[in-house]
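Everything below belongs to my_file_11.txt, which stores compact mmCIF, C-alpha atoms.
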```
# COMPACT_ATOMS: atom_id res chain seq x y z
CA MET A 1 -148.61 6.55 3.90
CA THR A 2 -149.07 2.80 3.74
CA THR A 3 -152.61 1.84 4.66
CA VAL A 4 -153.72 -1.53 5.92
CA PRO A 5 -155.83 -3.28 3.26
CA ASP A 6 -159.44 -3.91 4.32
CA ARG A 7 -159.15 -7.68 4.06
CA LEU A 8 -156.12 -7.65 6.39
CA ASP A 9 -157.93 -5.40 8.83
CA ARG A 10 -160.95 -7.68 8.78
CA ARG A 11 -158.77 -10.76 9.17
CA PHE A 12 -157.19 -9.33 12.31
CA ARG A 13 -160.55 -8.36 13.80
CA ASP A 14 -161.89 -11.87 13.19
CA ALA A 15 -158.74 -13.51 14.58
CA ALA A 16 -158.87 -11.37 17.72
CA ALA A 17 -162.42 -12.52 18.44
CA SER A 18 -161.80 -16.18 17.55
CA ALA A 19 -158.78 -16.27 19.84
CA GLY A 20 -161.02 -15.10 22.71
CA LEU A 21 -158.87 -12.03 23.33
CA LEU A 22 -161.62 -9.43 23.52
CA ASP A 23 -163.36 -8.04 26.59
CA VAL A 24 -166.00 -6.59 24.29
CA ALA A 25 -166.70 -6.95 20.57
CA TYR A 26 -169.02 -4.44 18.93
CA ASP A 27 -170.39 -3.42 15.59
CA PHE A 28 -173.13 -1.27 14.12
CA ALA A 29 -176.55 -2.45 12.97
CA ASP A 30 -179.12 -0.72 10.80
CA SER A 31 -182.65 -0.70 12.17
CA PRO A 32 -185.95 1.11 11.62
CA VAL A 33 -185.16 3.20 14.70
CA GLY A 34 -181.78 4.26 13.37
CA THR A 35 -178.24 2.94 13.51
CA LEU A 36 -177.53 0.97 16.65
CA LEU A 37 -174.23 0.13 18.26
CA VAL A 38 -174.42 -3.44 19.55
CA ALA A 39 -171.80 -4.94 21.82
CA ALA A 40 -171.21 -8.31 23.43
CA SER A 41 -168.92 -9.48 26.22
CA ALA A 42 -167.92 -13.09 26.75
CA HIS A 43 -171.14 -13.52 28.76
CA GLY A 44 -173.69 -11.98 26.42
CA ILE A 45 -175.11 -8.81 24.96
CA CYS A 46 -173.80 -5.93 27.03
CA ARG A 47 -174.80 -2.78 25.14
CA ILE A 48 -177.25 -1.52 22.57
CA SER A 49 -177.00 2.16 21.91
CA PHE A 50 -179.19 4.58 19.95
CA ASP A 51 -177.47 7.47 18.15
CA PRO A 52 -174.12 6.06 19.18
CA GLU A 53 -171.17 8.33 19.72
CA PRO A 54 -168.54 5.62 19.38
CA GLU A 55 -165.82 7.53 21.21
CA ARG A 56 -167.93 7.84 24.35
CA GLU A 57 -169.42 4.37 24.07
CA LEU A 58 -166.04 2.70 23.77
CA GLU A 59 -164.70 4.53 26.81
CA ALA A 60 -167.72 3.43 28.83
CA LEU A 61 -167.44 -0.18 27.65
CA ALA A 62 -163.73 -0.22 28.48
CA ARG A 63 -164.42 1.08 31.99
CA ALA A 64 -167.14 -1.48 32.62
CA PHE A 65 -165.66 -4.59 30.99
CA GLY A 66 -161.96 -4.03 30.30
CA ALA A 67 -159.88 -2.11 27.75
CA ARG A 68 -159.80 -4.81 25.08
CA VAL A 69 -162.75 -3.37 23.16
CA LEU A 70 -162.63 -3.94 19.40
CA ARG A 71 -165.02 -3.61 16.50
CA SER A 72 -165.45 -7.17 15.33
CA PRO A 73 -168.63 -8.30 13.60
CA GLY A 74 -168.49 -12.05 14.32
CA PRO A 75 -169.46 -12.07 18.00
CA VAL A 76 -172.42 -9.73 17.47
CA ASP A 77 -173.85 -11.42 14.38
CA GLY A 78 -176.32 -13.32 16.53
CA VAL A 79 -177.58 -10.15 18.21
CA ARG A 80 -177.96 -8.44 14.86
CA ARG A 81 -179.92 -11.36 13.49
CA GLU A 82 -182.31 -11.43 16.46
CA LEU A 83 -182.80 -7.67 16.21
CA ASP A 84 -183.59 -7.97 12.48
CA GLU A 85 -186.14 -10.66 13.23
CA TYR A 86 -187.66 -8.54 15.99
CA PHE A 87 -188.00 -5.54 13.71
CA GLU A 88 -189.56 -7.70 11.01
CA GLY A 89 -192.17 -8.80 13.54
CA GLU A 90 -190.93 -12.38 13.50
CA ARG A 91 -189.44 -12.49 16.98
CA ARG A 92 -191.15 -11.78 20.30
CA GLU A 93 -188.45 -12.82 22.70
CA PHE A 94 -184.69 -12.58 22.55
CA ASP A 95 -182.88 -15.85 23.13
CA LEU A 96 -179.35 -14.57 23.59
CA PRO A 97 -178.08 -14.00 27.13
CA VAL A 98 -177.46 -10.51 28.43
CA ASP A 99 -174.52 -9.41 30.55
CA LEU A 100 -175.63 -7.05 33.31
CA THR A 101 -172.73 -7.80 35.66
CA PRO A 102 -171.19 -4.31 35.90
CA LEU A 103 -174.50 -2.79 37.07
CA PRO A 104 -175.49 -2.10 40.70
CA ASP A 105 -177.54 -4.88 42.30
CA PHE A 106 -180.76 -2.90 42.44
CA GLN A 107 -180.59 -2.04 38.75
CA GLN A 108 -179.87 -5.65 37.83
CA GLN A 109 -182.86 -6.74 39.87
CA VAL A 110 -185.13 -4.22 38.14
CA LEU A 111 -183.90 -5.15 34.67
CA ARG A 112 -184.27 -8.88 35.31
CA GLU A 113 -187.85 -8.31 36.42
CA LEU A 114 -188.42 -6.09 33.39
CA VAL A 115 -187.47 -8.85 30.98
CA LEU A 116 -190.56 -10.72 32.22
CA VAL A 117 -192.95 -8.09 30.85
CA PRO A 118 -194.15 -9.82 27.68
CA TYR A 119 -194.07 -8.57 24.11
CA GLY A 120 -196.95 -6.27 23.29
CA HIS A 121 -197.77 -5.54 26.94
CA VAL A 122 -197.01 -2.55 29.07
CA ASP A 123 -196.61 -2.11 32.76
CA THR A 124 -196.06 0.82 35.12
CA TYR A 125 -193.10 2.04 37.13
CA GLY A 126 -195.10 1.49 40.30
CA ALA A 127 -195.97 -2.11 39.42
CA LEU A 128 -192.34 -2.87 38.65
CA ALA A 129 -191.31 -1.29 41.97
CA ARG A 130 -193.75 -3.54 43.79
CA ARG A 131 -192.46 -6.62 42.01
CA VAL A 132 -188.89 -5.98 43.10
CA GLY A 133 -190.15 -5.56 46.66
CA ARG A 134 -189.66 -1.79 46.82
CA PRO A 135 -193.21 -0.45 46.39
CA ARG A 136 -192.22 3.12 47.25
CA ALA A 137 -189.28 3.19 44.87
CA ALA A 138 -191.06 3.96 41.57
CA ARG A 139 -188.74 6.89 41.01
CA ALA A 140 -185.60 4.80 41.58
CA VAL A 141 -187.03 2.22 39.21
CA GLY A 142 -187.41 5.00 36.65
CA GLY A 143 -183.74 5.87 37.14
CA ALA A 144 -182.69 2.26 36.71
CA LEU A 145 -184.66 2.02 33.46
CA ASN A 146 -183.32 5.31 32.19
CA ARG A 147 -179.79 3.91 32.46
CA ASN A 148 -180.69 0.56 30.91
CA PRO A 149 -177.61 -0.34 28.84
CA ILE A 150 -179.47 -2.84 26.63
CA PRO A 151 -182.70 -1.21 25.41
CA ILE A 152 -185.02 -3.16 23.06
CA VAL A 153 -183.70 -6.54 24.30
CA VAL A 154 -184.28 -5.51 27.91
CA PRO A 155 -187.62 -3.91 27.11
CA CYS A 156 -187.74 -0.69 29.11
CA HIS A 157 -190.00 0.71 26.38
CA ARG A 158 -192.78 -1.44 27.89
CA ILE A 159 -192.90 0.60 31.08
CA VAL A 160 -195.22 3.62 31.10
CA GLY A 161 -196.63 6.08 33.61
CA ALA A 162 -199.58 5.22 35.85
CA SER A 163 -201.84 7.36 33.64
CA GLY A 164 -200.78 5.45 30.53
CA SER A 165 -198.61 8.30 29.31
CA LEU A 166 -195.33 7.29 27.74
CA THR A 167 -193.42 9.49 30.24
CA GLY A 168 -189.80 9.12 29.15
CA TYR A 169 -187.30 7.07 27.20
CA ALA A 170 -183.54 7.44 27.03
CA GLY A 171 -183.70 6.85 23.26
CA GLY A 172 -186.44 9.48 22.80
CA LEU A 173 -190.23 9.16 22.99
CA ASP A 174 -190.55 8.68 19.23
CA ARG A 175 -188.60 5.48 19.49
CA LYS A 176 -190.58 4.28 22.48
CA GLN A 177 -193.76 4.84 20.51
CA ALA A 178 -192.31 3.12 17.44
CA LEU A 179 -191.30 0.03 19.45
CA LEU A 180 -194.68 -0.20 21.19
CA GLY A 181 -196.38 0.32 17.82
CA LEU A 182 -194.34 -2.49 16.28
CA GLU A 183 -195.39 -4.78 19.11
CA GLY A 184 -199.04 -3.72 18.77
CA ALA A 185 -199.14 -2.73 22.42
CA ILE A 186 -202.34 -1.20 23.70
CA LEU A 187 -201.75 1.52 26.22
CA PRO A 188 -203.98 1.60 29.33
CA GLN A 189 -206.37 4.55 29.20
CA MET B 190 -157.22 12.08 40.30
CA MET B 191 -157.04 10.04 37.15
CA ASP B 192 -154.63 11.37 34.57
CA VAL B 193 -156.88 11.59 31.52
CA VAL B 194 -154.04 11.91 29.00
CA ALA B 195 -152.29 8.77 30.21
CA ALA B 196 -155.40 6.63 30.67
CA LEU B 197 -155.30 3.42 28.65
CA PRO B 198 -157.58 3.96 25.64
CA PRO B 199 -159.98 1.27 24.41
CA PHE B 200 -157.99 -1.10 22.19
CA GLU B 201 -159.99 -0.04 19.14
CA ARG B 202 -158.58 3.47 19.39
CA PHE B 203 -155.01 2.27 19.90
CA TYR B 204 -155.37 -0.06 16.91
CA GLU B 205 -156.90 2.57 14.63
CA GLU B 206 -154.21 5.10 15.52
CA ARG B 207 -151.31 2.70 15.03
CA LYS B 208 -152.27 0.14 12.41
CA ASP B 209 -151.15 1.98 9.25
CA GLU B 210 -147.85 3.12 10.69
CA ILE B 211 -147.03 -0.35 12.03
CA PHE B 212 -147.99 -1.98 8.75
CA GLY B 213 -145.71 0.46 6.90
CA TYR B 214 -142.88 -0.31 9.30
CA LEU B 215 -143.29 -4.07 8.94
CA THR B 216 -143.44 -3.70 5.17
CA ARG B 217 -140.10 -1.92 5.26
CA LEU B 218 -138.55 -4.58 7.44
CA LEU B 219 -140.02 -7.67 5.83
CA GLY B 220 -141.47 -6.85 2.44
CA ARG B 221 -145.17 -6.76 1.71
CA GLU B 222 -146.05 -10.43 1.86
CA ALA B 223 -144.38 -11.31 5.16
CA ALA B 224 -145.58 -7.99 6.61
CA GLU B 225 -149.19 -9.15 6.33
CA ASP B 226 -148.68 -12.11 8.66
CA ALA B 227 -146.44 -10.10 10.95
CA PHE B 228 -149.11 -7.39 11.15
CA GLN B 229 -151.71 -9.76 12.50
CA GLU B 230 -149.24 -11.36 14.90
CA THR B 231 -148.14 -7.94 16.18
CA PHE B 232 -151.63 -6.83 17.09
CA LEU B 233 -152.62 -10.20 18.52
CA ARG B 234 -149.57 -10.01 20.80
CA ALA B 235 -150.51 -6.45 21.68
CA LEU B 236 -154.04 -7.56 22.51
CA ARG B 237 -152.77 -10.37 24.75
CA ALA B 238 -150.72 -7.92 26.77
CA TYR B 239 -153.10 -4.97 26.62
CA GLY B 240 -155.28 -5.91 29.57
CA LYS B 241 -152.26 -5.84 31.86
CA LEU B 242 -151.09 -2.35 30.91
CA GLN B 243 -151.46 0.15 33.73
CA HIS B 244 -151.56 3.33 31.66
CA GLY B 245 -151.57 4.64 28.12
CA ARG B 246 -148.14 6.28 28.05
CA HIS B 247 -145.58 5.28 25.40
CA LEU B 248 -148.10 3.23 23.45
CA ARG B 249 -146.54 4.20 20.12
CA ALA B 250 -143.09 3.00 21.15
CA TRP B 251 -144.70 -0.09 22.70
CA ALA B 252 -146.35 -0.94 19.38
CA PHE B 253 -143.02 -0.56 17.57
CA THR B 254 -141.38 -2.77 20.17
CA ILE B 255 -143.81 -5.60 19.57
CA ALA B 256 -143.61 -5.17 15.78
CA THR B 257 -139.82 -5.23 15.91
CA ARG B 258 -139.79 -8.45 17.92
CA VAL B 259 -142.28 -10.08 15.59
CA ALA B 260 -140.19 -8.97 12.59
CA VAL B 261 -136.94 -10.24 14.12
CA ASP B 262 -138.60 -13.59 14.89
CA GLU B 263 -139.93 -13.71 11.36
CA ARG B 264 -136.51 -12.96 9.82
CA ARG B 265 -134.91 -15.60 11.99
CA ARG B 266 -137.53 -18.14 11.03
CA SER B 267 -137.18 -17.53 7.30
CA LYS B 268 -133.42 -17.15 7.36
CA ALA B 269 -132.88 -20.25 5.28
CA SER B 270 -134.63 -18.65 2.34
CA ALA B 271 -133.14 -15.27 3.14
CA GLU B 272 -132.96 -13.10 0.13
CA PRO B 273 -133.61 -9.77 1.80
CA PRO B 274 -136.97 -8.59 0.47
CA GLU B 275 -137.30 -5.53 -1.67
CA ILE B 276 -138.02 -2.53 0.47
CA ALA B 277 -141.30 -1.01 -0.59
CA VAL B 278 -141.19 2.72 0.01
CA HIS B 279 -144.72 4.06 0.15
CA ASP B 280 -144.22 6.70 2.79
CA GLU B 281 -142.74 10.02 1.94
CA ARG B 282 -140.27 10.52 4.73
CA PRO B 283 -137.45 12.66 3.42
CA ALA B 284 -134.92 12.16 6.22
CA TYR B 285 -135.10 8.44 5.71
CA GLU B 286 -135.46 8.35 1.98
CA GLU B 287 -131.76 8.17 1.20
CA LEU B 288 -131.30 5.18 3.45
CA ALA B 289 -134.54 3.38 2.79
CA HIS B 290 -133.61 1.78 -0.51
CA LEU B 291 -130.47 0.35 1.03
CA ALA B 292 -131.54 -0.75 4.51
CA GLY B 293 -132.80 -4.09 3.17
CA GLY B 294 -129.35 -5.64 3.29
CA LEU B 295 -128.66 -4.89 6.96
CA PRO B 296 -128.82 -7.47 9.75
CA PRO B 297 -132.31 -7.37 11.35
CA LYS B 298 -131.46 -5.41 14.49
CA GLU B 299 -129.42 -2.77 12.71
CA ARG B 300 -132.10 -2.48 10.12
CA ALA B 301 -134.81 -2.02 12.75
CA ALA B 302 -132.65 0.51 14.61
CA VAL B 303 -132.04 2.56 11.45
CA VAL B 304 -135.67 2.46 10.38
CA LEU B 305 -137.02 3.33 13.84
CA ARG B 306 -134.55 6.18 14.30
CA TYR B 307 -134.62 7.77 10.86
CA GLY B 308 -137.97 6.58 9.56
CA TYR B 309 -140.10 7.00 12.69
CA ASP B 310 -138.08 9.31 14.90
CA LEU B 311 -138.14 7.07 17.97
CA SER B 312 -135.75 7.88 20.81
CA TYR B 313 -132.82 5.57 21.51
CA ASP B 314 -134.48 4.66 24.82
CA ASP B 315 -137.53 3.43 22.92
CA ILE B 316 -135.44 1.71 20.26
CA GLY B 317 -133.47 0.00 23.02
CA ASP B 318 -136.76 -1.32 24.44
CA ALA B 319 -137.81 -2.47 20.99
CA LEU B 320 -134.58 -4.36 20.45
CA GLY B 321 -134.43 -5.70 24.00
CA SER B 322 -131.21 -3.83 24.64
CA SER B 323 -129.96 -0.61 26.23
CA ALA B 324 -130.25 2.85 24.69
CA GLU B 325 -126.50 2.79 24.12
CA ALA B 326 -126.69 -0.50 22.26
CA ALA B 327 -129.55 0.89 20.17
CA ARG B 328 -127.48 3.96 19.30
CA ALA B 329 -124.56 1.69 18.40
CA ALA B 330 -126.78 -0.51 16.21
CA ALA B 331 -128.16 2.52 14.37
CA SER B 332 -124.74 4.07 13.74
CA SER B 333 -123.24 0.78 12.73
CA GLY B 334 -126.18 0.35 10.33
CA VAL B 335 -125.66 3.81 8.91
CA ARG B 336 -121.89 3.22 8.52
CA ARG B 337 -122.58 -0.03 6.73
CA LEU B 338 -125.04 1.73 4.43
CA ARG B 339 -122.53 4.47 3.65
CA ARG B 340 -119.94 1.85 2.77
CA LYS B 341 -122.45 0.18 0.48
CA GLU B 342 -123.37 3.47 -1.04
CA ASN B 343 -119.73 4.27 -1.77
CA ALA B 344 -118.88 0.78 -2.93
```

What does the file become when written as structure tokens?
Amino acid sequence: MTTVPDRLDRRFRDAAASAGLLDVAYDFADSPVGTLLVAASAHGICRISFDPEPERELEALARAFGARVLRSPGPVDGVRRELDEYFEGERREFDLPVDLTPLPDFQQQVLRELVLVPYGHVDTYGALARRVGRPRAARAVGGALNRNPIPIVVPCHRIVGASGSLTGYAGGLDRKQALLGLEGAILPQ
Amino acid sequence: MMDVVAALPPFERFYEERKDEIFGYLTRLLGREAAEDAFQETFLRALRAYGKLQHGRHLRAWAFTIATRVAVDERRRSKASAEPPEIAVHDERPAYEELAHLAGGLPPKERAAVVLRYGYDLSYDDIGDALGSSAEAARAAASSGVRRLRRKENA
């Protein structure tokens, strides 16, 4: 069986991205909290996934953004660099835009408000619910955070229970703790 | 309900499933060097059209169709310098083996028809699509190619 040489494969993946033919480009990134799948649409970062199962991730990306999903490192280099800097403690805010467009309005609203919670601080589900004008919707806010497609950059790890307990995290509580530890966050007692 | 089998897969999966086979096919048609450029062009063309596909049926034949057109364009373009390239046979495909070392001298469409039929087992309907002709014309191109090869073999 003839196999495509790596350099030819890489050349095609680069050309596809440079020609602007991709709905989503993705690649993998090593991090202290494990391998991450990072993906970007034409409008910005659209997915960061812990413990990625590529098959499932790609299907989901194709449904949300279009079928032209291809592994191509170029377009996600910037995201990877910012993540590296974050994990080295040299970056407190992410500069790259995020693409939340496929999400329901309420979830977008919650995530946009969430981005305003600063590095090293935590807030509660209830407070976030109040800030989006739905004070009784703490539970719905929890749901919106649980389905956050861009963890770390959209910092859902900074939201904790009213008692200061970590409550939950789609990537696992160990990771939530690790991220808050990295940021030097002090939990309310 | 959505037909799961026929749903259009993410391009990554289509590309991973098809890339080696298409590269082998292009290598047979064009020789190794020209196949490299044709490979990239084939999948860029596929990518341009992919967003408009309605389902994931016949993707294999579709990939061969695009590759064939790219190869025919390429042969036309480089006709001036046309020594037919050596056919590199990397695949072990017994049914095709006898013809493979000879197919290099055929006109592009006959060559594609022979390779698609005997090398990759495509139906004449699919080969017709690939060549931009009818199934009957594809069958005729393949048999004419085979006859020509037999004559060469016996010459």

(request) Please indicate the distance in Å from CA of Phe28 (chain A) to CA of Arg207 (chain B), rounded to one decimal place. (result)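 Atom-to-atom, CA of Phe28 (chain A) and CA of Arg207 (chain B) are spaced 22.2 Å apart.
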
(message) Show me, as number ranges by chain, the residues that have an atom within 7 Å of region 33-41 of chain A when counting all atoms listed in the file, minus same-chain residues fewer than 2 positions from it.
(response) A: 23-31, 43-52, 75-76, 175

For the residues in that selection, give me C-alpha atoms as an mmCIF file, in the frame of the given file.
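Saved as result22.cif:
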```cif
data_model
loop_
_atom_site.group_PDB
_atom_site.id
_atom_site.type_symbol
_atom_site.label_atom_id
_atom_site.label_comp_id
_atom_site.auth_asym_id
_atom_site.auth_seq_id
_atom_site.Cartn_x
_atom_site.Cartn_y
_atom_site.Cartn_z
ATOM 1 C CA ASP A 23 -163.360 -8.040 26.590
ATOM 2 C CA VAL A 24 -166.000 -6.590 24.290
ATOM 3 C CA ALA A 25 -166.700 -6.950 20.570
ATOM 4 C CA TYR A 26 -169.020 -4.440 18.930
ATOM 5 C CA ASP A 27 -170.390 -3.420 15.590
ATOM 6 C CA PHE A 28 -173.130 -1.270 14.120
ATOM 7 C CA ALA A 29 -176.550 -2.450 12.970
ATOM 8 C CA ASP A 30 -179.120 -0.720 10.800
ATOM 9 C CA SER A 31 -182.650 -0.700 12.170
ATOM 10 C CA HIS A 43 -171.140 -13.520 28.760
ATOM 11 C CA GLY A 44 -173.690 -11.980 26.420
ATOM 12 C CA ILE A 45 -175.110 -8.810 24.960
ATOM 13 C CA CYS A 46 -173.800 -5.930 27.030
ATOM 14 C CA ARG A 47 -174.800 -2.780 25.140
ATOM 15 C CA ILE A 48 -177.250 -1.520 22.570
ATOM 16 C CA SER A 49 -177.000 2.160 21.910
ATOM 17 C CA PHE A 50 -179.190 4.580 19.950
ATOM 18 C CA ASP A 51 -177.470 7.470 18.150
ATOM 19 C CA PRO A 52 -174.120 6.060 19.180
ATOM 20 C CA PRO A 75 -169.460 -12.070 18.000
ATOM 21 C CA VAL A 76 -172.420 -9.730 17.470
ATOM 22 C CA ARG A 175 -188.600 5.480 19.490
#
```

(request) Point out the residue among B:Lys341, B:Arg234, B:Arg249, B:Arg328 with the least atom-to-atom distance to Leu295 (chain B), counting all atoms listed in the file. (result) B:Lys341

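Note that CA of Gly240 (chain B) and CA of Arg71 (chain A) are 16.5 Å apart.
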
(request) Check the smallest atom-to-atom distance from each of B:Ala235, B:Ala302, B:Leu320, B:Leu219 to Phe203 (chain B) using only C-alpha atoms, then report the winner. (result)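 Once distances to Phe203 (chain B) are computed over only C-alpha atoms, the minimum belongs to B:Ala235.
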
(message) as a list in words, could you give me every residue of chain A near chain B (at most 6 Å apart, counting only C-alpha atoms)?
(response)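 Residues satisfying the distance criterion: Met1, Thr2, Thr3, Val4, Phe12, Ala62, Ala67, Arg68, Val69 and Leu70 of chain A.
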
(request) Quick one: pull the distance between CA of Ser165 (chain A) and CA of Leu180 (chain A), Å, one decimal. (result)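 Interatomic distance here is 12.4 Å.
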
(request) Between A:Cys156, A:Pro32, A:Arg139, A:Gln177, single out the one closest to Asp84 (chain A), counting all atoms listed in the file. (result)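 Using all atoms listed in the file, the shortest distance to Asp84 (chain A) belongs to A:Pro32.
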